[in-house]
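> Here's a structure for you.
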Amino acid sequence: MAEQSLKGIGVSDGIRFGSVLLYQPNSASQTPVRETIDPSETDAELSRLQKAKDASYQELEDLVAHTRQTLGEDKAVILQGQQSFLADPSFYPEIERLVSSQHKSAELAVKQIVDQFVMIFESMPQEYMRERASDLKDIGNRMLAHLSGAQGVRLSEIREEIILVADDLTPSDTVQLNRQYVRGILTRIGGKTSHTAILARSLGIPAVLGIGDALDLLHDGDEVILDGTAGLVILNPEESTRQTYEQKQREEADYLKSLEEFQNQPAKTSDGKTFEIAANIGTPAEATAAVEGGAEGVGLYRTEFLFMNATSMPTEDEQFEAYKSVAETMAGRPVVIRTLDIGGDKELPYLSLPHEMNPFLGYRAIRLCLDRPELLSTQLRAILRASHYGKLKVMFPMISNLSEFRQAKAIFREVAEQLRKEGVPFDEAMEVGIMVEIPSAALLADQFAREVDFFSIGTNDLVQYTLAVDRMNEKVAPLYDYFHPAVVHLIHRVIDASHRAGKWTGMCGGMAGDPLAAPLLAGLGLDEWSMDANSIKKVKHKISTLHHEECKQLAEQALQLGTAEEVRALLGGK
């Protein structure tokens with residue numbers, strides 16, 4: 001067959017050669033089942049159902065533990081979302097009810113309730129909620145497989161080098177992949193913010209998603225070249241194409257090898273300008289990986305994972321021990337702790353948060369904490385106590401106006417005064433800042449700069465709110481772009497305001513870890529860059545190739561441009 005190029009969305013960089021393995025998971029949901037049972041069988045059927053639930057929960061527990069160990073807490077939370085369905089009183093008890101009161105078989109009861117919930121979630125307007133439908137299907141298939149005794153295909157047992165091709169992969173599928181053998185991932189659906197994309201990047205497996213109906217052209221054993229950087233798959237490559245990509249692959253390997261020497265070096269331009277490079281973490285354990293990865297501090301400690309891994313509100317002492325552990329691990333390096341950022345796509349069942357049509361615009365983060373000040377005061381007590389053991393800073397998320405910051409700062413002062421009276425030592429000079437993720441905060445940066453100690457720009461949400469683009473929605477993925485001139489101007493405004501006031505600005509969103517953005521951010525004067533630990537050496541290497549004065553001129557040019565495409569082209573991107 002002739003060579004064909006198939007275009008999708010590149011979500012995880014890298015070039016790989018391999019043979020196609022079409023993955024068609026055992027779909028127990030399609031297997032015919034007995035519909036009803038005799039009333040005398042009810043207890044036995046409920047026992048079968050409970051065993052299937054327990055086995056499914058334990059499988060997920062094992063996968064969560066594996067993911068936590070290999071990929072970190074923030075990735076494990078994706079699978080914990082599936083576990084939460086099994087504990088949801090509106091889900092599993094409904095399955096039991098169909099068996100006990102309507103005498104339906106366990107299999108039919110699982111199918112009906114799962115289908116009912118999938119229909120609800122697939123009809124929701126938010127993409128991240130629709131993605132939960134995939135989680136439900138995964139849970140349903142898992143329970144049905146245990147009820148039927150079917151084992152299905154085990155991705156963890158693949159022992160040949162292949163390019164894995166599927167309609168879609170669930171999170172529990174993806175975390176089982178062995179990157180020694182699964183050389184690349186190609187799916188019919190998915191986008192840059194899907195769970196598959198997030199996990200593929202963490203695993204270091206090149207991936208192209210959202211290839212659509214072009215996937216039907218592929219068959220088991222087909223030879224392909226997968227380019228996760230360009231979002232391209234080449235089917236039946238000609239020899240000249242193969243040679244071109246072999247050269248690109250060698251260049252990629254040389255580049256990755258060259259990065260090693262930068263891991264523990266300062267981020268310094270060719271003309272001597274240095275920048276602070278920090279890491280984003282979600283748990284105390286990740287602080288160790290940050291230090292090993294070359295981080296000079298923690299620019300974002302996402303404390304919500306401590307809360308999401310608990311079945312009830314963590315106590316002050318439990319929080320203190322976690323923050324103290326990070327402070328001690330970082331050994332004097334700065335640690336910016338973000339206060340509780342729950343809401344949007346992150347839920348806490350024990351808080352009984354209301355259902356919202358637009359949760360990203362609703363009752364979340366600082367809004368929740370100011371409404372329930374005991375949450376914030378307890379957390380601030382723990383952070384202040386832990387500051388005695390390291391260089392901690394605190395920042396408030398989702399700040400949209402000065403009144404919110406002043407209320408939060410007042411609580412901070414009250415807590416500090418309480419600790420003084422109790423004789424509890426803490427860092428009296430602790431810096432207090434805000435995340436800039438709402439355009440109103442960026443537009444009022446001059447006013448904020450008079451009162452805050454620092455800014456940290458969260459580009460993930462700043463882009464979403466500035467461009468009115470749901471960052472979890474693959475259908476509008478092309479519109480989500482931190483190189484959009486409006487976003488660049490807001491970043492410039494915040495940095496300039498902080499510098500005029502003698503303050504500093506960091507960035508903890510995805511843009512900070514993108515080497516393509518490095519000359520622009522350096523030219524705009526960003527002081528601290530915080531990112532996934534895996535990106536640190538790439539960004540340090542990129543900065544080493546830059547000349548700061550030239551970067552400032554480039555930033556001035558970027559501020560005159562009108563489209564994201566023009567900004568990317570200026571930076572040498574596509």
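Residues in the structure tokens are numbered from 1 in each chain, the chains being A, B, ... in the order shown, and ligands are numbered from 1 in the order shown.
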As a list in words, please: every residue in segment 35-201 of chain A that a backbone DSSP assignment puts in strand (DSSP E or B).

Thr36, Lys104, Ile162, Ile163, Leu164, Val165, Ala166, Val182, Arg183, Gly184, Ile185, Leu186 and Thr187 of chain A

> What residues in segment 213-439 of chain A get the DSSP label helix (DSSP H, G or I)? Please answer as a ChimeraX atom specification.

/A:213-217,239-262,284-292,304-308,316-330,349-351,359-361,365-371,373-389,402-422,439

> Considering only C-alpha atoms, return as a short mmCIF file (atom, residue, chain, number, x, y, z; two decimals) with N, CA and C atoms, in the first residue's frame whatever protein or nucleic-acid residues lie within 8 Å of segment 318-326 of chain A, sequence-local ones (same chain, fewer than 4 positions apart) excluded.


```cif
data_model
loop_
_atom_site.label_atom_id
_atom_site.label_comp_id
_atom_site.auth_asym_id
_atom_site.auth_seq_id
_atom_site.Cartn_x
_atom_site.Cartn_y
_atom_site.Cartn_z
N THR A 283 2.22 16.36 46.61
CA THR A 283 2.37 15.63 47.87
C THR A 283 3.78 15.81 48.40
N PRO A 284 4.00 15.54 49.69
CA PRO A 284 5.36 15.59 50.25
C PRO A 284 6.33 14.68 49.50
N ALA A 287 8.17 16.16 46.60
CA ALA A 287 9.22 17.15 46.88
C ALA A 287 10.60 16.54 46.65
N LEU A 306 -3.98 16.56 49.50
CA LEU A 306 -4.03 16.10 50.88
C LEU A 306 -5.49 15.93 51.32
N PRO A 314 -8.87 16.84 56.81
CA PRO A 314 -7.59 16.66 57.52
C PRO A 314 -7.49 17.64 58.69
N MET A 330 12.88 20.30 51.22
CA MET A 330 13.41 21.36 50.36
C MET A 330 14.60 22.08 51.01
N VAL A 335 9.29 27.46 49.18
CA VAL A 335 8.13 26.61 48.89
C VAL A 335 6.88 27.49 48.93
N GLN A 379 -6.02 25.70 57.94
CA GLN A 379 -4.91 25.48 57.02
C GLN A 379 -3.80 26.49 57.24
N ALA A 382 -1.66 25.60 60.20
CA ALA A 382 -0.73 24.51 59.89
C ALA A 382 0.45 25.01 59.06
N ILE A 383 0.18 25.88 58.08
CA ILE A 383 1.25 26.41 57.23
C ILE A 383 2.20 27.28 58.04
N ARG A 385 2.79 27.23 61.27
CA ARG A 385 3.58 26.37 62.18
C ARG A 385 4.72 25.69 61.42
N ALA A 386 4.42 25.21 60.21
CA ALA A 386 5.44 24.52 59.42
C ALA A 386 6.51 25.47 58.91
N SER A 387 6.21 26.77 58.83
CA SER A 387 7.19 27.73 58.32
C SER A 387 8.42 27.84 59.22
N TYR A 389 10.18 25.48 59.94
CA TYR A 389 11.11 24.42 59.51
C TYR A 389 11.61 24.62 58.09
N GLY A 390 11.30 25.75 57.49
CA GLY A 390 11.77 25.99 56.12
C GLY A 390 11.33 27.36 55.65
#
```

> Contacts of segment 205-212 of chain A at 10 Å or less, counting only C-alpha atoms, minus same-chain residues fewer than 3 places along, as a VMD selection string?

chain A and resid 6 to 16 163 to 168 177 to 180 182 to 192 194 196 to 197 199 to 202 215 to 216 226 to 233 474 to 475

> Quick one: residues within 9 Å of segment 494-497 of chain A, only C-alpha atoms counted, chain neighbours fewer than 3 positions away excluded, as a PyMOL selection string?

chain A and resi 436+441-449+455+457+489-491+500-506+524-527

> Emit the selected residues as a PDB file, in the first residue's frame, including C-alpha atoms.


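Output (out-v3.pdb):
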```pdb
ATOM      1  CA  VAL A 436      -3.303  35.450  38.940  1.00  0.00           C
ATOM      2  CA  ALA A 441      -6.720  40.309  38.901  1.00  0.00           C
ATOM      3  CA  ALA A 442      -4.310  40.862  35.998  1.00  0.00           C
ATOM      4  CA  LEU A 443      -6.051  44.098  34.982  1.00  0.00           C
ATOM      5  CA  LEU A 444      -5.801  45.361  38.575  1.00  0.00           C
ATOM      6  CA  ALA A 445      -2.205  44.211  38.997  1.00  0.00           C
ATOM      7  CA  ASP A 446      -0.960  47.690  39.951  1.00  0.00           C
ATOM      8  CA  GLN A 447      -3.492  47.909  42.767  1.00  0.00           C
ATOM      9  CA  PHE A 448      -2.762  44.363  43.968  1.00  0.00           C
ATOM     10  CA  ALA A 449       1.005  44.963  43.804  1.00  0.00           C
ATOM     11  CA  PHE A 455       2.167  37.101  42.110  1.00  0.00           C
ATOM     12  CA  ILE A 457       0.437  33.411  37.199  1.00  0.00           C
ATOM     13  CA  HIS A 489      -0.491  41.260  27.352  1.00  0.00           C
ATOM     14  CA  LEU A 490      -1.997  40.214  30.701  1.00  0.00           C
ATOM     15  CA  ILE A 491       1.221  38.419  31.663  1.00  0.00           C
ATOM     16  CA  ARG A 500       7.342  48.699  39.681  1.00  0.00           C
ATOM     17  CA  ALA A 501       6.311  47.863  43.238  1.00  0.00           C
ATOM     18  CA  GLY A 502       9.550  46.014  43.997  1.00  0.00           C
ATOM     19  CA  LYS A 503       7.792  42.631  44.078  1.00  0.00           C
ATOM     20  CA  TRP A 504       8.331  39.433  42.069  1.00  0.00           C
ATOM     21  CA  THR A 505       6.207  37.337  39.732  1.00  0.00           C
ATOM     22  CA  GLY A 506       6.257  33.597  39.178  1.00  0.00           C
ATOM     23  CA  LEU A 524       8.877  39.800  29.702  1.00  0.00           C
ATOM     24  CA  GLY A 525      10.928  39.536  32.900  1.00  0.00           C
ATOM     25  CA  LEU A 526       9.340  36.536  34.627  1.00  0.00           C
ATOM     26  CA  ASP A 527      11.266  35.948  37.872  1.00  0.00           C
TER      27      ASP A 527
END
```
